[in-house]
Amino acid sequence: MATPLDRPQPRFYVNCPTRPILDQIADKWSMMVMTVLEEPTRFNEIKRQLEGVTQRVLTQTLRRLERNGMIQRRILETTPVGVEYSLTPLGRSFREPFVRLYEWTLENSDEITRMQADYDARSAG
């Protein structure tokens, strides 16, 4: 008879410190922002590169990434005042796996779409 000690322990237990971090930096908009920020970029340029993102969602995403130390925000002394975002050293170290994941999705999107259509066809009948 199995005892509680014999059961496999959850990898992501409820108080695991990775959960809130992954939740905050691994959502789709954060991943896209991290991919776009190859060099310091102004807010509106980021928005132009992320078709479909609203100003509100982009603002929230940038604040969350700044809070987590992935990006830094710099006020530009222009008229009107501008804001520029860039990766921090921590953000640069995390950008590489994000870019690789993006490249993987591009390489495999056709196959995944085919698999989804096959699954949907099997499930419909």
# chains A, B, ... in the order shown; residues from 1 in each chain; ligands from 1
>>> residues_around(residues="region 11-21 of chain A", least_positions_apart="5", cutoff="12 Å", atoms="only C-alpha atoms", output="list in words")
Ala26, Asp27, Ser30, Arg64, Leu65, Arg67, Asn68, Gly69 and Met70 of chain A
>>> residues_around(residues="Thr88 (chain A)", least_positions_apart="5", cutoff="10 Å", atoms="only C-alpha atoms", output="list in words")
Glu66, Gly69, Met70, Ile71, Gln72, Arg73, Ser93 and Phe94 of chain A
>>> closest_residue(among="A:Leu22, A:Met34, A:Thr113, A:Lys28", to="Gly91 (chain A)", atoms="only C-alpha atoms")
A:Met34
>>> select_by_dssp(residues="chain A", states="strand (DSSP E or B)", output="PyMOL selection string")
chain A and resi 41-42+71-76+82-87
>>> closest_residue(among="A:Thr61, A:Glu51, A:Gln24, A:Met31", to="Pro97 (chain A)", atoms="only C-alpha atoms")
A:Met31
>>> closest_residue(among="A:Tyr85, A:Trp104, A:Tyr119, A:Phe98", to="Met32 (chain A)", atoms="only C-alpha atoms")
A:Phe98
>>> closest_residue(among="A:Glu103, A:Glu45, A:Asp110, A:Glu96", to="Gly82 (chain A)", atoms="only C-alpha atoms")
A:Glu45
>>> closest_residue(among="A:Arg114, A:Arg42, A:Arg122, A:Lys47", to="Arg74 (chain A)", atoms="only C-alpha atoms")
A:Arg42
>>> atom_distance(atom1="CA of Thr35 (chain A)", atom2="CA of Gly52 (chain A)")
15.8 Å
>>> atom_distance(atom1="CA of Val57 (chain A)", atom2="CA of Ile25 (chain A)")
13.6 Å
>>> closest_residue(among="A:Thr78, A:Gln116, A:Asn44, A:Ser86", to="Thr59 (chain A)", atoms="only C-alpha atoms")
A:Asn44
>>> atom_distance(atom1="CA of Ile112 (chain A)", atom2="CA of Leu58 (chain A)")
27.3 Å
